[in-house]
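upload-v2.pdb follows (PDB, C-alpha atoms and all ligand atoms):
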ATOM      1  CA  MET A 124      27.585  56.552  29.412
ATOM      2  CA  GLU A 125      24.541  54.296  29.791
ATOM      3  CA  PRO A 126      21.276  56.215  30.143
ATOM      4  CA  LEU A 127      19.873  56.219  33.654
ATOM      5  CA  LYS A 128      16.251  55.127  33.718
ATOM      6  CA  VAL A 129      14.157  56.806  36.400
ATOM      7  CA  LEU A 130      10.590  55.811  37.186
ATOM      8  CA  VAL A 131       8.125  58.421  38.451
ATOM      9  CA  ALA A 132       5.222  56.874  40.359
ATOM     10  CA  GLY A 133       2.630  57.757  42.970
ATOM     11  CA  PRO A 134      -1.122  58.091  43.403
ATOM     12  CA  VAL A 135      -3.441  59.988  41.094
ATOM     13  CA  GLY A 136      -2.973  63.755  41.164
ATOM     14  CA  ALA A 137       0.395  63.615  42.931
ATOM     15  CA  GLY A 138       1.983  65.650  40.147
ATOM     16  CA  LYS A 139       3.838  63.040  38.060
ATOM     17  CA  THR A 140       2.752  64.578  34.768
ATOM     18  CA  ALA A 141       3.222  68.121  36.101
ATOM     19  CA  LEU A 142       6.787  67.156  37.009
ATOM     20  CA  ALA A 143       7.459  65.676  33.563
ATOM     21  CA  LYS A 144       6.156  68.858  31.969
ATOM     22  CA  SER A 145       8.131  71.235  34.147
ATOM     23  CA  LEU A 146      11.336  69.244  33.605
ATOM     24  CA  LEU A 147      10.904  68.625  29.894
ATOM     25  CA  GLY A 148       8.688  71.442  28.627
ATOM     26  CA  GLU A 149       7.464  70.922  25.077
ATOM     27  CA  GLU A 150       9.572  67.784  24.807
ATOM     28  CA  ALA A 151       7.458  65.942  27.385
ATOM     29  CA  LEU A 152       5.681  62.998  25.830
ATOM     30  CA  THR A 153       2.413  62.641  27.716
ATOM     31  CA  THR A 154      -0.748  60.569  27.248
ATOM     32  CA  GLU A 155      -3.597  62.434  28.924
ATOM     33  CA  ALA A 156      -7.299  61.671  28.580
ATOM     34  CA  LYS A 157     -10.248  63.647  29.877
ATOM     35  CA  ALA A 158     -11.069  62.470  33.381
ATOM     36  CA  SER A 159     -14.632  61.171  33.597
ATOM     37  CA  GLU A 160     -14.601  61.207  37.390
ATOM     38  CA  ASP A 161     -13.932  64.144  39.686
ATOM     39  CA  LEU A 162     -10.191  64.019  40.276
ATOM     40  CA  GLY A 163      -9.802  67.690  41.048
ATOM     41  CA  LYS A 164      -8.244  68.133  37.611
ATOM     42  CA  GLU A 165      -9.304  67.885  33.976
ATOM     43  CA  THR A 166      -7.153  65.038  32.666
ATOM     44  CA  THR A 167      -5.403  61.889  33.792
ATOM     45  CA  THR A 168      -2.538  59.789  32.435
ATOM     46  CA  VAL A 169      -3.620  56.617  30.599
ATOM     47  CA  ALA A 170      -0.325  55.175  29.342
ATOM     48  CA  LEU A 171       2.879  56.989  30.347
ATOM     49  CA  ASP A 172       4.877  60.200  30.556
ATOM     50  CA  PHE A 173       8.299  60.125  28.938
ATOM     51  CA  GLY A 174      11.270  62.291  28.174
ATOM     52  CA  THR A 175      15.033  62.511  28.483
ATOM     53  CA  LEU A 176      17.208  65.162  30.089
ATOM     54  CA  ALA A 177      20.734  65.663  31.371
ATOM     55  CA  VAL A 178      21.398  65.598  35.105
ATOM     56  CA  GLY A 179      25.072  66.349  35.648
ATOM     57  CA  PRO A 180      27.008  63.836  33.559
ATOM     58  CA  TYR A 181      24.014  61.512  33.319
ATOM     59  CA  ARG A 182      21.429  61.154  30.574
ATOM     60  CA  VAL A 183      18.209  60.492  32.482
ATOM     61  CA  HIS A 184      15.331  58.675  30.789
ATOM     62  CA  LEU A 185      12.241  59.624  32.741
ATOM     63  CA  PHE A 186       9.219  57.287  32.698
ATOM     64  CA  GLY A 187       6.059  58.350  34.514
ATOM     65  CA  VAL A 188       3.279  55.880  35.281
ATOM     66  CA  PRO A 189      -0.485  56.386  35.335
ATOM     67  CA  GLY A 190      -1.483  56.695  38.998
ATOM     68  CA  GLN A 191      -4.914  55.125  38.795
ATOM     69  CA  GLU A 192      -4.913  51.513  39.870
ATOM     70  CA  ARG A 193      -6.844  50.277  36.842
ATOM     71  CA  PHE A 194      -3.737  51.065  34.791
ATOM     72  CA  ASP A 195      -1.465  49.027  37.050
ATOM     73  CA  PHE A 196      -0.585  46.677  34.173
ATOM     74  CA  MET A 197       1.589  49.561  32.934
ATOM     75  CA  TRP A 198       3.545  49.761  36.170
ATOM     76  CA  ASP A 199       5.788  46.728  35.631
ATOM     77  CA  VAL A 200       6.081  47.470  31.929
ATOM     78  CA  LEU A 201       7.475  50.916  32.729
ATOM     79  CA  ALA A 202       9.466  49.895  35.811
ATOM     80  CA  GLU A 203      11.513  47.323  33.905
ATOM     81  CA  GLY A 204      15.163  48.317  34.047
ATOM     82  CA  ALA A 205      14.619  51.427  36.190
ATOM     83  CA  LEU A 206      17.618  52.403  38.332
ATOM     84  CA  GLY A 207      15.776  54.847  40.566
ATOM     85  CA  LEU A 208      12.262  55.624  41.750
ATOM     86  CA  LEU A 209      10.909  59.119  42.291
ATOM     87  CA  PHE A 210       7.698  58.576  44.203
ATOM     88  CA  LEU A 211       5.328  61.523  44.511
ATOM     89  CA  VAL A 212       2.510  62.083  47.009
ATOM     90  CA  ALA A 213       0.214  65.081  47.287
ATOM     91  CA  GLY A 214       0.661  66.595  50.748
ATOM     92  CA  ASP A 215      -2.850  68.030  50.687
ATOM     93  CA  ARG A 216      -4.377  64.578  50.114
ATOM     94  CA  PRO A 217      -3.432  62.581  53.212
ATOM     95  CA  HIS A 218      -6.315  60.193  52.444
ATOM     96  CA  HIS A 219      -4.188  58.936  49.536
ATOM     97  CA  LEU A 220      -1.409  57.898  51.894
ATOM     98  CA  PRO A 221      -2.582  54.320  52.576
ATOM     99  CA  GLU A 222      -2.685  53.740  48.829
ATOM    100  CA  ALA A 223       0.694  55.449  48.476
ATOM    101  CA  ARG A 224       2.128  53.056  51.046
ATOM    102  CA  ARG A 225       0.800  50.040  49.089
ATOM    103  CA  MET A 226       2.063  51.402  45.779
ATOM    104  CA  LEU A 227       5.495  52.181  47.175
ATOM    105  CA  ASP A 228       5.742  48.663  48.650
ATOM    106  CA  TYR A 229       4.641  47.223  45.326
ATOM    107  CA  PHE A 230       7.352  49.037  43.377
ATOM    108  CA  LEU A 231      10.148  48.554  45.886
ATOM    109  CA  SER A 232       9.423  44.857  46.428
ATOM    110  CA  ARG A 233       9.461  44.137  42.694
ATOM    111  CA  HIS A 234      12.081  46.665  41.729
ATOM    112  CA  PRO A 235      14.324  47.300  44.727
ATOM    113  CA  VAL A 236      16.063  50.474  43.547
ATOM    114  CA  PRO A 237      17.126  53.674  45.296
ATOM    115  CA  TYR A 238      14.112  55.892  45.855
ATOM    116  CA  LEU A 239      13.126  59.361  46.916
ATOM    117  CA  VAL A 240       9.665  60.433  48.027
ATOM    118  CA  GLY A 241       8.561  63.887  46.924
ATOM    119  CA  VAL A 242       5.682  65.577  48.749
ATOM    120  CA  THR A 243       3.876  68.033  46.451
ATOM    121  CA  ARG A 244       1.127  70.624  46.858
ATOM    122  CA  LEU A 245       2.483  71.825  50.183
ATOM    123  CA  ASP A 246       1.138  75.326  49.522
ATOM    124  CA  LEU A 247      -2.446  74.057  49.602
ATOM    125  CA  GLY A 248      -4.785  73.833  52.589
ATOM    126  CA  ARG A 249      -3.699  71.754  55.577
ATOM    127  CA  ALA A 250      -1.037  69.848  53.673
ATOM    128  CA  TRP A 251       0.997  67.256  55.543
ATOM    129  CA  THR A 252       4.656  68.203  55.820
ATOM    130  CA  PRO A 253       7.399  65.967  54.379
ATOM    131  CA  GLY A 254       8.288  65.033  57.979
ATOM    132  CA  GLU A 255       4.736  63.886  58.712
ATOM    133  CA  VAL A 256       4.618  61.922  55.480
ATOM    134  CA  ALA A 257       7.941  60.259  56.324
ATOM    135  CA  LEU A 258       6.557  59.292  59.712
ATOM    136  CA  TYR A 259       3.377  57.884  58.217
ATOM    137  CA  LEU A 260       5.205  55.942  55.512
ATOM    138  CA  ARG A 261       7.809  54.832  58.066
ATOM    139  CA  LEU A 262      10.658  56.124  55.927
ATOM    140  CA  PRO A 263      13.888  57.824  56.938
ATOM    141  CA  GLU A 264      13.381  61.594  56.828
ATOM    142  CA  GLU A 265      16.239  62.116  54.413
ATOM    143  CA  ARG A 266      14.345  60.084  51.804
ATOM    144  CA  VAL A 267      11.370  62.455  51.823
ATOM    145  CA  MET A 268      11.459  66.008  50.494
ATOM    146  CA  GLY A 269       8.944  68.669  49.569
ATOM    147  CA  LEU A 270       8.627  70.098  46.073
ATOM    148  CA  ASP A 271       6.282  71.960  43.801
ATOM    149  CA  ALA A 272       6.078  69.705  40.757
ATOM    150  CA  ARG A 273       5.142  72.684  38.573
ATOM    151  CA  LYS A 274       8.416  74.464  39.260
ATOM    152  CA  ARG A 275      11.352  73.362  37.184
ATOM    153  CA  GLU A 276      14.063  74.132  39.774
ATOM    154  CA  GLU A 277      12.236  72.229  42.503
ATOM    155  CA  ALA A 278      11.467  69.258  40.262
ATOM    156  CA  PHE A 279      15.066  69.236  39.088
ATOM    157  CA  ARG A 280      16.441  69.381  42.611
ATOM    158  CA  ALA A 281      14.409  66.297  43.555
ATOM    159  CA  LEU A 282      15.494  64.427  40.440
ATOM    160  CA  ALA A 283      19.150  65.381  40.962
ATOM    161  CA  ARG A 284      19.017  64.113  44.518
ATOM    162  CA  LEU A 285      17.578  60.795  43.362
ATOM    163  CA  VAL A 286      20.256  60.521  40.674
ATOM    164  CA  GLU A 287      22.842  61.052  43.379
ATOM    165  CA  LEU A 288      21.305  58.234  45.434
ATOM    166  CA  ALA A 289      21.064  55.967  42.387
ATOM    167  CA  THR A 290      24.656  56.519  41.320
ATOM    168  CA  GLY A 291      26.163  56.291  44.784
ATOM    169  CA  GLY A 292      26.958  60.007  44.724
ATOM    170  CA  GLU A 293      29.922  59.529  42.374
TER     171      GLU A 293
ATOM    172  CA  MET B  72     -34.127  55.960  24.881
ATOM    173  CA  THR B  73     -31.458  56.516  27.516
ATOM    174  CA  ARG B  74     -27.905  57.049  26.389
ATOM    175  CA  GLN B  75     -27.052  53.581  27.644
ATOM    176  CA  GLU B  76     -29.785  52.084  25.457
ATOM    177  CA  GLU B  77     -28.725  54.112  22.456
ATOM    178  CA  ILE B  78     -25.182  52.811  22.811
ATOM    179  CA  GLN B  79     -26.532  49.267  23.181
ATOM    180  CA  THR B  80     -28.529  49.668  19.965
ATOM    181  CA  LEU B  81     -25.420  50.924  18.233
ATOM    182  CA  ILE B  82     -23.439  47.922  19.440
ATOM    183  CA  ARG B  83     -26.174  45.567  18.211
ATOM    184  CA  SER B  84     -26.129  47.005  14.710
ATOM    185  CA  LEU B  85     -22.343  46.891  14.671
ATOM    186  CA  ARG B  86     -22.541  43.213  15.618
ATOM    187  CA  GLN B  87     -25.046  42.600  12.832
ATOM    188  CA  ALA B  88     -22.748  44.226  10.295
ATOM    189  CA  VAL B  89     -19.708  42.352  11.599
ATOM    190  CA  PRO B  90     -21.022  39.024  12.956
ATOM    191  CA  GLU B  91     -17.565  37.573  13.677
ATOM    192  CA  VAL B  92     -16.945  40.160  16.433
ATOM    193  CA  SER B  93     -16.386  38.315  19.711
ATOM    194  CA  GLY B  94     -16.484  41.339  22.013
ATOM    195  CA  VAL B  95     -17.362  45.017  21.898
ATOM    196  CA  MET B  96     -16.230  47.547  24.502
ATOM    197  CA  VAL B  97     -17.357  51.142  24.756
ATOM    198  CA  ALA B  98     -15.376  52.886  27.465
ATOM    199  CA  SER B  99     -14.483  56.386  28.555
ATOM    200  CA  ALA B 100     -11.196  57.719  27.215
ATOM    201  CA  ASP B 101      -9.822  57.393  30.743
ATOM    202  CA  GLY B 102     -10.552  53.693  30.843
ATOM    203  CA  LEU B 103     -13.867  53.085  32.619
ATOM    204  CA  PRO B 104     -16.221  50.558  30.992
ATOM    205  CA  MET B 105     -19.549  52.007  29.827
ATOM    206  CA  VAL B 106     -21.341  49.477  27.624
ATOM    207  CA  HIS B 107     -19.809  46.178  26.572
ATOM    208  CA  ASP B 108     -20.459  42.511  26.016
ATOM    209  CA  PHE B 109     -17.247  41.060  27.435
ATOM    210  CA  PRO B 110     -17.471  38.812  30.510
ATOM    211  CA  GLU B 111     -18.071  41.083  33.525
ATOM    212  CA  GLY B 112     -14.893  39.939  35.252
ATOM    213  CA  GLU B 113     -12.720  41.059  32.335
ATOM    214  CA  ALA B 114     -14.441  44.333  31.516
ATOM    215  CA  ALA B 115     -12.555  46.686  33.836
ATOM    216  CA  ARG B 116      -9.187  45.519  32.613
ATOM    217  CA  ILE B 117     -10.181  45.555  28.945
ATOM    218  CA  ALA B 118     -11.582  49.093  29.238
ATOM    219  CA  ALA B 119      -8.360  50.305  30.892
ATOM    220  CA  MET B 120      -6.191  48.582  28.279
ATOM    221  CA  ALA B 121      -8.291  50.021  25.450
ATOM    222  CA  ALA B 122      -7.769  53.525  26.877
ATOM    223  CA  THR B 123      -4.019  52.937  27.284
ATOM    224  CA  SER B 124      -3.786  51.610  23.764
ATOM    225  CA  LEU B 125      -5.713  54.580  22.367
ATOM    226  CA  GLY B 126      -3.668  57.116  24.336
ATOM    227  CA  LEU B 127      -0.397  55.541  23.250
ATOM    228  CA  GLY B 128      -1.549  55.076  19.653
ATOM    229  CA  LYS B 129      -2.555  58.729  19.365
ATOM    230  CA  ARG B 130       0.756  59.777  20.869
ATOM    231  CA  ILE B 131       2.742  57.675  18.421
ATOM    232  CA  ALA B 132       0.687  58.986  15.504
ATOM    233  CA  THR B 133       1.438  62.614  16.411
ATOM    234  CA  THR B 134       5.083  61.997  17.334
ATOM    235  CA  LEU B 135       5.789  60.207  14.047
ATOM    236  CA  ARG B 136       3.582  62.659  12.112
ATOM    237  CA  LEU B 137       1.343  59.900  10.798
ATOM    238  CA  GLY B 138      -1.606  62.262  10.542
ATOM    239  CA  GLU B 139      -4.907  61.846  12.314
ATOM    240  CA  PHE B 140      -5.145  58.694  14.428
ATOM    241  CA  GLN B 141      -7.301  55.965  12.867
ATOM    242  CA  GLU B 142      -6.975  52.869  15.016
ATOM    243  CA  THR B 143      -4.584  50.651  16.934
ATOM    244  CA  VAL B 144      -4.512  47.024  15.842
ATOM    245  CA  ILE B 145      -3.107  44.362  18.156
ATOM    246  CA  ARG B 146      -2.741  41.093  16.324
ATOM    247  CA  GLY B 147      -2.086  37.850  18.148
ATOM    248  CA  GLN B 148      -1.984  34.301  16.897
ATOM    249  CA  ASN B 149      -5.616  33.812  17.917
ATOM    250  CA  GLY B 150      -7.124  37.103  16.913
ATOM    251  CA  TYR B 151      -7.242  40.861  16.996
ATOM    252  CA  PHE B 152      -7.972  43.634  19.434
ATOM    253  CA  VAL B 153      -8.725  46.854  17.568
ATOM    254  CA  VAL B 154      -9.110  50.234  19.250
ATOM    255  CA  TYR B 155     -10.837  53.301  17.777
ATOM    256  CA  GLU B 156     -11.311  56.789  19.126
ATOM    257  CA  ALA B 157     -14.900  57.888  19.768
ATOM    258  CA  GLY B 158     -14.627  61.632  20.181
ATOM    259  CA  GLU B 159     -12.351  62.996  22.858
ATOM    260  CA  LYS B 160     -14.278  61.288  25.642
ATOM    261  CA  GLY B 161     -14.639  57.748  24.384
ATOM    262  CA  VAL B 162     -13.009  54.645  23.034
ATOM    263  CA  LEU B 163     -14.461  51.775  21.032
ATOM    264  CA  ALA B 164     -12.633  48.451  21.084
ATOM    265  CA  LEU B 165     -13.419  45.209  19.273
ATOM    266  CA  ALA B 166     -12.137  41.685  19.775
ATOM    267  CA  LEU B 167     -12.070  39.631  16.575
ATOM    268  CA  PRO B 168     -10.953  36.148  15.592
ATOM    269  CA  THR B 169      -8.130  35.454  13.135
ATOM    270  CA  GLY B 170      -9.381  35.685   9.589
ATOM    271  CA  ALA B 171     -11.746  38.585  10.267
ATOM    272  CA  ASN B 172     -12.068  40.975   7.350
ATOM    273  CA  LEU B 173     -10.305  43.972   8.879
ATOM    274  CA  GLY B 174     -11.161  46.242   5.958
ATOM    275  CA  LEU B 175     -14.870  45.750   6.540
ATOM    276  CA  VAL B 176     -14.435  45.909  10.317
ATOM    277  CA  HIS B 177     -12.704  49.296  10.037
ATOM    278  CA  LEU B 178     -15.467  50.700   7.839
ATOM    279  CA  GLU B 179     -18.218  49.651  10.215
ATOM    280  CA  ALA B 180     -16.359  50.468  13.401
ATOM    281  CA  ARG B 181     -15.329  53.962  12.255
ATOM    282  CA  GLU B 182     -18.954  54.650  11.431
ATOM    283  CA  ALA B 183     -20.019  53.406  14.863
ATOM    284  CA  ALA B 184     -17.273  55.471  16.515
ATOM    285  CA  ARG B 185     -18.592  58.606  14.777
ATOM    286  CA  HIS B 186     -22.073  57.936  16.195
ATOM    287  CA  LEU B 187     -20.626  57.228  19.618
ATOM    288  CA  LYS B 188     -18.830  60.533  19.588
ATOM    289  CA  ASP B 189     -22.197  62.307  19.435
ATOM    290  CA  LEU B 190     -23.686  60.077  22.134
ATOM    291  CA  LEU B 191     -20.896  60.504  24.681
TER     292      LEU B 191
HETATM  293  N1  LIG C   1      -0.705  74.238  44.126
HETATM  294  C1  LIG C   1       0.123  73.278  43.727
HETATM  295  N2  LIG C   1      -0.239  72.495  42.718
HETATM  296  C2  LIG C   1       0.590  71.515  42.342
HETATM  297  C3  LIG C   1       1.839  71.288  42.950
HETATM  298  N3  LIG C   1       2.431  70.231  42.352
HETATM  299  C4  LIG C   1       1.573  69.814  41.405
HETATM  300  N4  LIG C   1       0.466  70.582  41.373
HETATM  301  C5  LIG C   1      -0.739  70.448  40.542
HETATM  302  O1  LIG C   1      -1.351  69.239  40.903
HETATM  303  C6  LIG C   1      -1.891  68.587  39.760
HETATM  304  C7  LIG C   1      -1.235  67.251  39.573
HETATM  305  O2  LIG C   1      -1.783  66.654  38.447
HETATM  306  P1  LIG C   1      -0.971  65.664  37.513
HETATM  307  O3  LIG C   1       0.408  66.152  37.291
HETATM  308  O4  LIG C   1      -1.819  65.384  36.332
HETATM  309  O5  LIG C   1      -0.953  64.387  38.461
HETATM  310  P2  LIG C   1      -0.460  62.909  38.086
HETATM  311  O6  LIG C   1       0.334  62.449  39.253
HETATM  312  O7  LIG C   1       0.196  62.906  36.763
HETATM  313  O8  LIG C   1      -1.869  62.133  38.087
HETATM  314  P3  LIG C   1      -2.333  60.848  37.188
HETATM  315  O9  LIG C   1      -1.613  60.866  35.909
HETATM  316  O10 LIG C   1      -3.811  61.101  36.995
HETATM  317  O11 LIG C   1      -2.053  59.657  38.035
HETATM  318  C8  LIG C   1      -1.651  69.523  38.591
HETATM  319  O12 LIG C   1      -2.785  70.300  38.399
HETATM  320  C9  LIG C   1      -0.460  70.360  39.062
HETATM  321  O13 LIG C   1      -0.428  71.635  38.482
HETATM  322  C10 LIG C   1       2.207  72.130  44.043
HETATM  323  O14 LIG C   1       3.259  72.006  44.663
HETATM  324  N5  LIG C   1       1.306  73.110  44.380
HETATM  325 MG    MG C   2      -0.171  61.876  35.102
END

Could you express the structure from this file as C-alpha cells?
Amino acid sequence: MEPLKVLVAGPVGAGKTALAKSLLGEEALTTEAKASEDLGKETTTVALDFGTLAVGPYRVHLFGVPGQERFDFMWDVLAEGALGLLFLVAGDRPHHLPEARRMLDYFLSRHPVPYLVGVTRLDLGRAWTPGEVALYLRLPEERVMGLDARKREEAFRALARLVELATGGE
Amino acid sequence: MTRQEEIQTLIRSLRQAVPEVSGVMVASADGLPMVHDFPEGEAARIAAMAATSLGLGKRIATTLRLGEFQETVIRGQNGYFVVYEAGEKGVLALALPTGANLGLVHLEAREAARHLKDLL
C-alpha cells in the first residue's frame, strides 16, 4: 500500500514536535535549535520533524513543519503530496488564534486535503476548549478535538482520526 | 567593543582573507539575523534559510553517521551558499561566486566560526 503522507502544522509552541516525539519516540527525526527569543520553551524547529509509523493498515509518513513564520518557505516543501493535515493549536495561547486561522487558510487553500484541528495544552491556565476554538476558527465541531501532544495514546487517537478522514473511513 | 562590533570586526577580517565573498551572514541558530552584509530586504530570509540548512545538515550528518558536522554547501550555476555552525547558538553563512576556492574558504570560515562561538 502507498504510504500516507500527513502534514503536522500550526503556530509556534502548539506541540508539533512534542507530538512527533510521543508518536515516534527515539525514531523521531527532529531539527531543534536553541530559541533566542522567549517562546516559553528552550528550543524551536528550524527545518522539519519526520518519522513513519503504522496506523491500522496504513504506513503513515509524518512531516512536521516549523511553526515560526520566518520558516514558511519550508511549508510548501513539506506539504507537497500530503494527503491529510493535522493542525495543532495551543489552547492556552488564544492570542495565537488569528495567526492559526491564517496558517490554516494558507495550507488548506494550497493543499486542500482532509484536516483535523487538535487543541493542546488544555490542562494549563484558562485554556480555550476545543468547542471555543472551533467557534473561533469557524470550523465544524467534529473537526476539532483536544489532546495532550506529550501523551502517545492521545496523539495517536488524533492521528488515527485524521487517517480515517483522509482514507474515507475504509 | 560591543559584541556587535566584535562580530563586525571578525566579518571584516574574514572578507579580507576571502575577498571574493559576496555576502556574510551571522545569525542565531534559530534563524534571526545578527550581523550581516546582505541587502536589508533579503537578510531575514537568508538568516532563516541558513538556520534551516544548518539544522537539516546536522541532522543528516548524525543520521548517516558522517561524524561531526562541518558545513553544508549549496552549489548553483552562479555560485555557492555555504553554512557553518558557530557554537550551538549561531550560524555563519557565506555567499560566494562560482570559481571561489572552497578549500581556502572552509579554512577561513571554520576559524571565524570558532571565534564566533565564543562571542555568541
Ligand atoms: N502541559 C501541557 N504541555 C503540553 C501539551 N502538549 C504539548 N505540551 C508542551 O508544549 C510544548 C510544545 O512545544 P513544541 O512541541 O516544541 O512545539 P512546536 O509546535 O513543535 O513549536 P515550533 O517547532 O517552535 O513551531 C512542549 O514543551 C510540550 O511538552 C499539553 O497538552 N499539556
Ligand atoms: Mg517544533

Set the cut-off to 9 Å, count all atoms listed in the file, and list whatever residues fall near ligand MG 2 (chain C) as an NGL selection string. :A and (135-143 or 153-155 or 166-172 or 187-190)

Point-to-point distance in Å for CA of Gly148 in chain A and CA of Leu245 in chain A: 22.4 Å

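Between CA of Leu190 in chain B and CA of Ala158 in chain A the interatomic distance comes to 17.1 Å.
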
Point-to-point distance in Å for CA of Tyr151 in chain B and CA of Gly112 in chain B: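 Going from CA of Gly112 in chain B over to CA of Tyr151 in chain B covers 19.8 Å.
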
What residues come out when you apply the ChimeraX specification (/A :<8) & /B to this file, written as a PyMOL selection string? chain B and resi 99-102+115-116+119-120+122-124+126-127+130+159-160

For the selection you just gave me, I'd like the residues written to a file as a PDB file, in the frame of the given file, keeping C-alpha atoms.
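This went into again-v4.pdb:
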ATOM      1  CA  SER B  99     -14.483  56.386  28.555  1.00  0.00           C
ATOM      2  CA  ALA B 100     -11.196  57.719  27.215  1.00  0.00           C
ATOM      3  CA  ASP B 101      -9.822  57.393  30.743  1.00  0.00           C
ATOM      4  CA  GLY B 102     -10.552  53.693  30.843  1.00  0.00           C
ATOM      5  CA  ALA B 115     -12.555  46.686  33.836  1.00  0.00           C
ATOM      6  CA  ARG B 116      -9.187  45.519  32.613  1.00  0.00           C
ATOM      7  CA  ALA B 119      -8.360  50.305  30.892  1.00  0.00           C
ATOM      8  CA  MET B 120      -6.191  48.582  28.279  1.00  0.00           C
ATOM      9  CA  ALA B 122      -7.769  53.525  26.877  1.00  0.00           C
ATOM     10  CA  THR B 123      -4.019  52.937  27.284  1.00  0.00           C
ATOM     11  CA  SER B 124      -3.786  51.610  23.764  1.00  0.00           C
ATOM     12  CA  GLY B 126      -3.668  57.116  24.336  1.00  0.00           C
ATOM     13  CA  LEU B 127      -0.397  55.541  23.250  1.00  0.00           C
ATOM     14  CA  ARG B 130       0.756  59.777  20.869  1.00  0.00           C
ATOM     15  CA  GLU B 159     -12.351  62.996  22.858  1.00  0.00           C
ATOM     16  CA  LYS B 160     -14.278  61.288  25.642  1.00  0.00           C
TER      17      LYS B 160
END

Would you compute an axis-aligned box for ligand LIG 1 (chain C), covering every atom listed for it in the file with 8 Å of margin on each side, and report centre and edge lengths in Å to one decimal as lines of an AutoDock Vina configuration file?
center_x = -0.3
center_y = 66.9
center_z = 40.3
size_x = 23.1
size_y = 30.6
size_z = 24.8

From the options A:Arg244, A:Val183, A:Ala223, A:Pro237, which residue's atoms come nearest to Arg273 in chain A, counting all atoms listed in the file? A:Arg244

Please evaluate the PyMOL selection byres (((chain A and resi 288-291) around 9) and not hetatm) against the displayed coordinates and give the resulting residues as a PyMOL selection string. chain A and resi 127+206-208+236-239+283-287+292-293

Name the residues in contact with Leu85 in chain B at a cut-off of 10 Å, using only C-alpha atoms, excluding same-chain residues fewer than 5 positions from it; report them as a CSV table (one decimal) with C-alpha atoms, in the frame of the given file.
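Produced file out.csv, reproduced below:
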chain,number,residue,atom,x,y,z
B,79,GLN,CA,-26.5,49.3,23.2
B,80,THR,CA,-28.5,49.7,20.0
B,90,PRO,CA,-21.0,39.0,13.0
B,92,VAL,CA,-16.9,40.2,16.4
B,95,VAL,CA,-17.4,45.0,21.9
B,176,VAL,CA,-14.4,45.9,10.3
B,179,GLU,CA,-18.2,49.7,10.2
B,180,ALA,CA,-16.4,50.5,13.4
B,182,GLU,CA,-19.0,54.6,11.4
B,183,ALA,CA,-20.0,53.4,14.9

Please enumerate the residues selected by the PyMOL selection byres (((chain A and resi 252) around 10) and not hetatm) when evaluated against the supplied file, formatted as JSON, numbers by chain. {"A": [214, 215, 242, 243, 244, 245, 249, 250, 251, 253, 254, 255, 256, 257, 258, 267, 268, 269]}

Kindly reconstruct range 194-208 of chain A with N, CA and C atoms and present the result as a short mmCIF file (atom, residue, chain, number, x, y, z; two decimals), in the frame of the given file.
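The resulting file, part_5.cif, is shown below:
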data_model
loop_
_atom_site.label_atom_id
_atom_site.label_comp_id
_atom_site.auth_asym_id
_atom_site.auth_seq_id
_atom_site.Cartn_x
_atom_site.Cartn_y
_atom_site.Cartn_z
N PHE A 194 -4.81 51.11 35.79
CA PHE A 194 -3.74 51.06 34.79
C PHE A 194 -2.49 50.38 35.34
N ASP A 195 -2.66 49.59 36.40
CA ASP A 195 -1.46 49.03 37.05
C ASP A 195 -0.71 48.03 36.17
N PHE A 196 -1.33 47.57 35.09
CA PHE A 196 -0.58 46.68 34.17
C PHE A 196 0.56 47.43 33.50
N MET A 197 0.50 48.78 33.51
CA MET A 197 1.59 49.56 32.93
C MET A 197 2.76 49.70 33.90
N TRP A 198 2.50 49.48 35.17
CA TRP A 198 3.54 49.76 36.17
C TRP A 198 4.80 48.92 35.96
N ASP A 199 4.62 47.59 35.82
CA ASP A 199 5.79 46.73 35.63
C ASP A 199 6.43 46.95 34.27
N VAL A 200 5.56 47.21 33.28
CA VAL A 200 6.08 47.47 31.93
C VAL A 200 7.06 48.64 31.99
N LEU A 201 6.66 49.70 32.69
CA LEU A 201 7.48 50.92 32.73
C LEU A 201 8.63 50.81 33.72
N ALA A 202 8.44 49.99 34.76
CA ALA A 202 9.47 49.90 35.81
C ALA A 202 10.66 49.05 35.36
N GLU A 203 10.46 48.21 34.38
CA GLU A 203 11.51 47.32 33.90
C GLU A 203 12.82 48.09 33.63
N GLY A 204 13.86 47.71 34.31
CA GLY A 204 15.16 48.32 34.05
C GLY A 204 15.40 49.67 34.72
N ALA A 205 14.43 50.13 35.52
CA ALA A 205 14.62 51.43 36.19
C ALA A 205 15.73 51.32 37.23
N LEU A 206 16.51 52.39 37.37
CA LEU A 206 17.62 52.40 38.33
C LEU A 206 17.32 53.31 39.52
N GLY A 207 16.17 53.99 39.45
CA GLY A 207 15.78 54.85 40.57
C GLY A 207 14.28 55.10 40.50
N LEU A 208 13.71 55.37 41.68
CA LEU A 208 12.26 55.62 41.75
C LEU A 208 12.02 56.97 42.42
#
